$ cat structure.txt   # compact mmCIF, C-alpha atoms and all ligand atoms
# COMPACT_ATOMS: atom_id res chain seq x y z
CA MET A 1 21.34 6.80 8.91
CA VAL A 2 18.70 5.42 6.66
CA SER A 3 16.19 8.15 7.56
CA ASP A 4 17.00 11.76 6.80
CA GLY A 5 14.21 12.72 9.20
CA SER A 6 12.21 14.66 6.63
CA ARG A 7 10.42 12.07 4.50
CA PRO A 8 9.38 8.44 4.56
CA VAL A 9 12.32 6.07 4.05
CA ALA A 10 10.04 4.02 1.78
CA VAL A 11 6.49 4.33 0.51
CA LEU A 12 4.95 0.90 -0.12
CA VAL A 13 2.40 0.55 -2.92
CA GLY A 14 0.69 -2.45 -4.49
CA PRO A 15 -2.66 -4.17 -4.77
CA PRO A 16 -4.62 -5.72 -1.92
CA GLY A 17 -2.79 -8.85 -0.80
CA SER A 18 0.67 -7.65 -1.78
CA GLY A 19 1.63 -7.46 1.90
CA LYS A 20 2.05 -3.70 2.30
CA THR A 21 1.12 -3.74 5.97
CA THR A 22 2.98 -6.92 6.97
CA VAL A 23 6.09 -6.08 4.94
CA GLY A 24 5.86 -2.50 6.19
CA ARG A 25 5.79 -3.75 9.77
CA ALA A 26 8.77 -6.05 9.20
CA LEU A 27 10.74 -3.30 7.44
CA ALA A 28 9.96 -0.71 10.12
CA GLU A 29 10.98 -3.13 12.85
CA ARG A 30 14.21 -3.98 11.08
CA LEU A 31 15.09 -0.29 10.69
CA GLY A 32 13.89 0.72 14.16
CA LEU A 33 11.35 3.10 12.66
CA ASP A 34 7.58 3.49 12.75
CA LEU A 35 5.10 2.20 10.19
CA HIS A 36 2.31 4.53 9.13
CA ASP A 37 -0.58 2.92 7.26
CA THR A 38 -2.97 5.34 5.52
CA ASP A 39 -5.97 2.97 5.77
CA LEU A 40 -5.52 2.67 9.54
CA ALA A 41 -5.02 6.43 9.83
CA ILE A 42 -8.29 7.09 7.97
CA GLU A 43 -10.11 4.63 10.22
CA ALA A 44 -8.63 6.22 13.33
CA ALA A 45 -9.42 9.78 12.19
CA THR A 46 -13.01 9.03 11.18
CA GLY A 47 -13.77 6.43 13.84
CA ARG A 48 -15.23 4.23 11.08
CA SER A 49 -14.10 1.21 9.15
CA ILE A 50 -13.21 1.51 5.48
CA PRO A 51 -16.05 -0.82 4.40
CA ASP A 52 -18.48 1.41 6.37
CA ILE A 53 -17.17 4.54 4.63
CA PHE A 54 -17.54 2.86 1.23
CA ILE A 55 -21.05 1.61 1.97
CA GLU A 56 -22.43 4.67 3.76
CA ASP A 57 -20.73 7.51 1.86
CA GLY A 58 -19.46 5.90 -1.35
CA GLU A 59 -16.03 5.44 -2.87
CA PRO A 60 -15.52 9.11 -3.95
CA VAL A 61 -15.76 10.23 -0.30
CA PHE A 62 -13.21 7.59 0.70
CA ARG A 63 -10.87 8.68 -2.12
CA ASP A 64 -11.06 12.32 -0.94
CA LEU A 65 -10.17 11.25 2.59
CA GLU A 66 -7.38 9.08 1.21
CA ARG A 67 -5.89 11.83 -0.98
CA ALA A 68 -5.78 14.19 2.01
CA GLU A 69 -4.30 11.54 4.30
CA VAL A 70 -1.60 10.52 1.80
CA ALA A 71 -0.57 14.16 1.31
CA ARG A 72 -0.40 14.67 5.07
CA ALA A 73 1.47 11.41 5.64
CA LEU A 74 4.04 12.10 2.90
CA SER A 75 5.09 15.27 4.66
CA ALA A 76 4.74 14.02 8.23
CA THR A 77 6.07 10.45 8.13
CA THR A 78 9.76 9.77 8.55
CA GLY A 79 9.51 5.98 8.87
CA VAL A 80 7.85 3.50 6.54
CA LEU A 81 4.62 4.52 4.84
CA ALA A 82 2.10 2.00 3.47
CA LEU A 83 -0.60 3.32 1.11
CA GLY A 84 -4.01 1.75 0.46
CA GLY A 85 -3.99 -0.24 -2.79
CA GLY A 86 -6.00 2.28 -4.81
CA ALA A 87 -4.29 5.47 -3.62
CA VAL A 88 -1.98 5.70 -6.63
CA MET A 89 -4.94 5.89 -9.01
CA ASP A 90 -5.41 9.51 -7.92
CA PRO A 91 -3.42 11.93 -10.15
CA THR A 92 -2.72 14.36 -7.29
CA THR A 93 -1.30 11.51 -5.23
CA ARG A 94 0.82 10.35 -8.15
CA SER A 95 2.37 13.82 -8.48
CA ALA A 96 2.91 14.00 -4.74
CA LEU A 97 4.90 10.74 -4.90
CA GLY A 98 7.48 12.33 -7.20
CA GLY A 99 10.89 12.41 -5.55
CA HIS A 100 9.95 9.79 -2.94
CA THR A 101 11.35 6.27 -2.62
CA VAL A 102 8.39 4.22 -3.77
CA VAL A 103 8.44 0.41 -3.62
CA PHE A 104 5.89 -1.54 -5.65
CA LEU A 105 5.21 -4.90 -3.97
CA ASP A 106 4.38 -7.08 -6.94
CA VAL A 107 2.19 -10.14 -6.46
CA GLY A 108 0.05 -12.53 -8.50
CA ILE A 109 -3.47 -13.74 -7.80
CA ALA A 110 -2.25 -17.02 -6.21
CA ASP A 111 -0.29 -15.31 -3.44
CA ALA A 112 -2.73 -12.42 -3.06
CA SER A 113 -5.65 -14.76 -2.49
CA LYS A 114 -3.68 -16.75 0.09
CA ARG A 115 -2.83 -13.57 1.94
CA ILE A 116 -6.19 -11.85 2.01
CA GLY A 117 -8.63 -14.74 1.86
CA PHE A 118 -11.12 -12.42 0.12
CA ASP A 119 -13.45 -11.65 3.00
CA GLN A 120 -15.81 -8.68 3.29
CA SER A 121 -13.15 -6.26 4.51
CA ARG A 122 -12.31 -5.10 0.97
CA PRO A 123 -15.37 -3.48 -0.55
CA LEU A 124 -13.91 -3.33 -4.07
CA LEU A 125 -13.47 -7.11 -4.04
CA ALA A 126 -16.80 -7.99 -2.40
CA VAL A 127 -18.38 -9.30 -5.61
CA ASN A 128 -16.55 -11.99 -7.57
CA PRO A 129 -13.31 -11.36 -5.66
CA ARG A 130 -10.80 -13.22 -7.82
CA ALA A 131 -12.01 -11.82 -11.13
CA SER A 132 -12.27 -8.35 -9.58
CA TRP A 133 -8.71 -8.59 -8.26
CA VAL A 134 -7.33 -9.72 -11.62
CA ALA A 135 -9.16 -6.91 -13.46
CA LEU A 136 -8.02 -4.35 -10.89
CA MET A 137 -4.40 -5.48 -11.13
CA LYS A 138 -4.49 -5.36 -14.93
CA ARG A 139 -5.68 -1.74 -14.80
CA ARG A 140 -3.33 -0.73 -12.05
CA ARG A 141 -0.10 -2.54 -12.91
CA PRO A 142 1.17 0.19 -15.27
CA VAL A 143 0.39 2.80 -12.62
CA TYR A 144 2.20 0.92 -9.85
CA GLU A 145 5.17 0.45 -12.17
CA GLY A 146 5.05 4.10 -13.19
CA VAL A 147 5.29 5.48 -9.65
CA ALA A 148 7.80 2.90 -8.42
CA THR A 149 11.46 3.59 -7.89
CA HIS A 150 11.85 -0.11 -7.00
CA VAL A 151 9.79 -3.18 -7.91
CA VAL A 152 9.99 -6.13 -5.53
CA ASP A 153 8.46 -9.52 -6.31
CA THR A 154 6.80 -10.90 -3.21
CA ALA A 155 5.67 -14.26 -4.66
CA GLY A 156 6.18 -17.11 -2.19
CA ARG A 157 8.28 -14.97 0.13
CA THR A 158 7.97 -14.12 3.81
CA PRO A 159 7.49 -10.49 4.90
CA GLU A 160 10.93 -10.61 6.57
CA ASP A 161 12.61 -11.75 3.37
CA VAL A 162 10.93 -9.00 1.35
CA ALA A 163 11.78 -6.45 4.04
CA GLU A 164 15.44 -7.50 3.91
CA GLN A 165 15.54 -6.90 0.16
CA ILE A 166 13.90 -3.48 0.51
CA ALA A 167 16.31 -2.51 3.29
CA GLY A 168 19.17 -3.34 0.92
CA LEU A 169 17.61 -1.35 -1.90
CA ILE A 170 17.09 1.77 0.19
CA GLY A 171 20.52 1.60 1.73
CA GLU A 172 20.31 0.07 5.17
CA PRO A 173 23.70 0.54 6.83
CA ARG A 174 25.58 -2.74 7.05
C1 LIG A 201 -8.37 -0.42 -1.80
C2 LIG A 201 -7.51 -1.11 -0.99
C3 LIG A 201 -7.66 -1.14 0.48
C4 LIG A 201 -8.41 0.08 1.00
C5 LIG A 201 -9.70 0.22 0.27
C6 LIG A 201 -9.51 0.38 -1.24
C7 LIG A 201 -8.15 -0.46 -3.25
O1 LIG A 201 -6.35 -1.19 1.06
O2 LIG A 201 -7.65 1.24 0.87
O3 LIG A 201 -10.49 -0.91 0.54
O4 LIG A 201 -8.71 0.38 -3.98
O5 LIG A 201 -7.37 -1.32 -3.71
P1 LIG A 201 -5.39 -2.48 0.96
O6 LIG A 201 -4.61 -2.34 -0.31
O7 LIG A 201 -4.52 -2.36 2.15
O8 LIG A 201 -6.24 -3.70 0.95
$ encode --input "structure.txt" --output "structure tokens"
Amino acid sequence: MVSDGSRPVAVLVGPPGSGKTTVGRALAERLGLDLHDTDLAIEAATGRSIPDIFIEDGEPVFRDLERAEVARALSATTGVLALGGGAVMDPTTRSALGGHTVVFLDVGIADASKRIGFDQSRPLLAVNPRASWVALMKRRRPVYEGVATHVVDTAGRTPEDVAEQIAGLIGEPR
């Protein structure tokens, strides 16, 4: 069995546009497990969209909700867990990731912009999206690499292809 039933089989981290949700879905499907996405969980629990939380309450309120949701999800999820792109910037979350199988989905600006199209759904990228993404990735790259047990390059690849590699890395039975 790939899941020991007590922790996520893989925690996916990476910047916006790295494909955490689509790869997570493909990986979960392949393994016959569920995908839990912390952004969706926060939206479901609050009944509000993430842009609305950012605009109405501010980023610190969102980060508090995110820290709590990641902690809850790390102990409650036994399938695949996808974190919001900024979750790993929180020191408490980084400590909580210790001992977990964490996969950093690496991506460059060319693929990220193709995947996300830079619309209004990502408040941190609302102004000057490309430059903001590049600056954000420069700041975050060492953090993603620091928490990762595996780094997977997603450039030019389909979600299924990336999912297949991750399944191999985490020990899918063959
Ligand atoms: C964020 C990424 C978003 C979402 C929020 C903040 C970030 O998730 O959590 O808008 O700080 O990078 P995605 O990585 O799924 O876009």
$ residues_around --input "structure.txt" --residues "region 131-147 of chain A" --least-positions-apart "5" --cutoff "10 Å" --atoms "all atoms listed in the file" --output "PDB file with C-alpha atoms, in the coordinates of the input"
ATOM      1  CA  VAL A  13       2.400   0.550  -2.920  1.00  0.00           C
ATOM      2  CA  GLY A  14       0.690  -2.450  -4.490  1.00  0.00           C
ATOM      3  CA  PRO A  15      -2.660  -4.170  -4.770  1.00  0.00           C
ATOM      4  CA  PRO A  16      -4.620  -5.720  -1.920  1.00  0.00           C
ATOM      5  CA  GLY A  17      -2.790  -8.850  -0.800  1.00  0.00           C
ATOM      6  CA  GLY A  85      -3.990  -0.240  -2.790  1.00  0.00           C
ATOM      7  CA  GLY A  86      -6.000   2.280  -4.810  1.00  0.00           C
ATOM      8  CA  VAL A  88      -1.980   5.700  -6.630  1.00  0.00           C
ATOM      9  CA  MET A  89      -4.940   5.890  -9.010  1.00  0.00           C
ATOM     10  CA  THR A  93      -1.300  11.510  -5.230  1.00  0.00           C
ATOM     11  CA  ARG A  94       0.820  10.350  -8.150  1.00  0.00           C
ATOM     12  CA  SER A  95       2.370  13.820  -8.480  1.00  0.00           C
ATOM     13  CA  LEU A  97       4.900  10.740  -4.900  1.00  0.00           C
ATOM     14  CA  GLY A  98       7.480  12.330  -7.200  1.00  0.00           C
ATOM     15  CA  GLY A  99      10.890  12.410  -5.550  1.00  0.00           C
ATOM     16  CA  HIS A 100       9.950   9.790  -2.940  1.00  0.00           C
ATOM     17  CA  THR A 101      11.350   6.270  -2.620  1.00  0.00           C
ATOM     18  CA  VAL A 102       8.390   4.220  -3.770  1.00  0.00           C
ATOM     19  CA  VAL A 103       8.440   0.410  -3.620  1.00  0.00           C
ATOM     20  CA  PHE A 104       5.890  -1.540  -5.650  1.00  0.00           C
ATOM     21  CA  LEU A 105       5.210  -4.900  -3.970  1.00  0.00           C
ATOM     22  CA  ASP A 106       4.380  -7.080  -6.940  1.00  0.00           C
ATOM     23  CA  VAL A 107       2.190 -10.140  -6.460  1.00  0.00           C
ATOM     24  CA  GLY A 108       0.050 -12.530  -8.500  1.00  0.00           C
ATOM     25  CA  ILE A 109      -3.470 -13.740  -7.800  1.00  0.00           C
ATOM     26  CA  ALA A 112      -2.730 -12.420  -3.060  1.00  0.00           C
ATOM     27  CA  SER A 113      -5.650 -14.760  -2.490  1.00  0.00           C
ATOM     28  CA  PHE A 118     -11.120 -12.420   0.120  1.00  0.00           C
ATOM     29  CA  LEU A 124     -13.910  -3.330  -4.070  1.00  0.00           C
ATOM     30  CA  LEU A 125     -13.470  -7.110  -4.040  1.00  0.00           C
ATOM     31  CA  ALA A 126     -16.800  -7.990  -2.400  1.00  0.00           C
TER      32      ALA A 126
END
$ residues_around --input "structure.txt" --residues "Leu33 (chain A)" --least-positions-apart "3" --cutoff "7 Å" --atoms "only C-alpha atoms" --output "VMD selection string"
chain A and resid 28 to 29 79
$ residues_around --input "structure.txt" --residues "Ala45 (chain A)" --least-positions-apart "6" --cutoff "12 Å" --atoms "only C-alpha atoms" --output "list in words"
Thr38, Asp39, Leu65, Glu66, Ala68 and Glu69 of chain A
$ atom_distance --input "structure.txt" --atom1 "CA of Asp111 (chain A)" --atom2 "CA of Gly156 (chain A)"
6.8 Å
$ atom_distance --input "structure.txt" --atom1 "CA of Ala87 (chain A)" --atom2 "CA of Leu31 (chain A)"
24.8 Å
$ atom_distance --input "structure.txt" --atom1 "CA of Pro123 (chain A)" --atom2 "atom O7 of ligand LIG 201 (chain A)"
11.2 Å
$ residues_around --input "structure.txt" --residues "Ala96 (chain A)" --least-positions-apart "4" --cutoff "9 Å" --atoms "all atoms listed in the file" --output "ChimeraX atom specification"
/A:70-71,74,91-92,100
$ closest_residue --input "structure.txt" --among "A:Val127, A:Val11, A:Ala76, A:Ile55" --to "Ile166 (chain A)" --atoms "all atoms listed in the file"
A:Val11
$ axis_aligned_box --input "structure.txt" --around "ligand LIG 201 (chain A)" --padding-each-side "5 Å" --output "AutoDock Vina command-line options"
--center_x -7.5 --center_y -1.2 --center_z -0.9 --size_x 16.0 --size_y 14.9 --size_z 16.1
$ residues_around --input "structure.txt" --residues "Val80 (chain A)" --least-positions-apart "3" --cutoff "8 Å" --atoms "all atoms listed in the file" --output "list in words"
Pro8, Val9, Ala10, Val11, Leu12, Gly24, Leu27, Ala28, Leu33, Asp34, Leu35, His36 and Thr77 of chain A
$ write_last_selection --input "structure.txt" --atoms "C-alpha atoms" --output "tab-separated table (two decimals), keeping the file's coordinate frame"
chain	number	residue	atom	x	y	z
A	8	PRO	CA	9.38	8.44	4.56
A	9	VAL	CA	12.32	6.07	4.05
A	10	ALA	CA	10.04	4.02	1.78
A	11	VAL	CA	6.49	4.33	0.51
A	12	LEU	CA	4.95	0.90	-0.12
A	24	GLY	CA	5.86	-2.50	6.19
A	27	LEU	CA	10.74	-3.30	7.44
A	28	ALA	CA	9.96	-0.71	10.12
A	33	LEU	CA	11.35	3.10	12.66
A	34	ASP	CA	7.58	3.49	12.75
A	35	LEU	CA	5.10	2.20	10.19
A	36	HIS	CA	2.31	4.53	9.13
A	77	THR	CA	6.07	10.45	8.13
$ closest_residue --input "structure.txt" --among "A:Gly84, A:Ala167, A:Asp161, A:Gly58" --to "Gly32 (chain A)" --atoms "all atoms listed in the file"
A:Ala167
$ closest_residue --input "structure.txt" --among "A:Leu81, A:Ala73, A:Val61, A:Ile42" --to "Thr21 (chain A)" --atoms "all atoms listed in the file"
A:Leu81
$ closest_residue --input "structure.txt" --among "A:Lys20, A:Arg157, A:Arg130, A:Arg7" --to "ligand LIG 201 (chain A)" --atoms "all atoms listed in the file"
A:Lys20
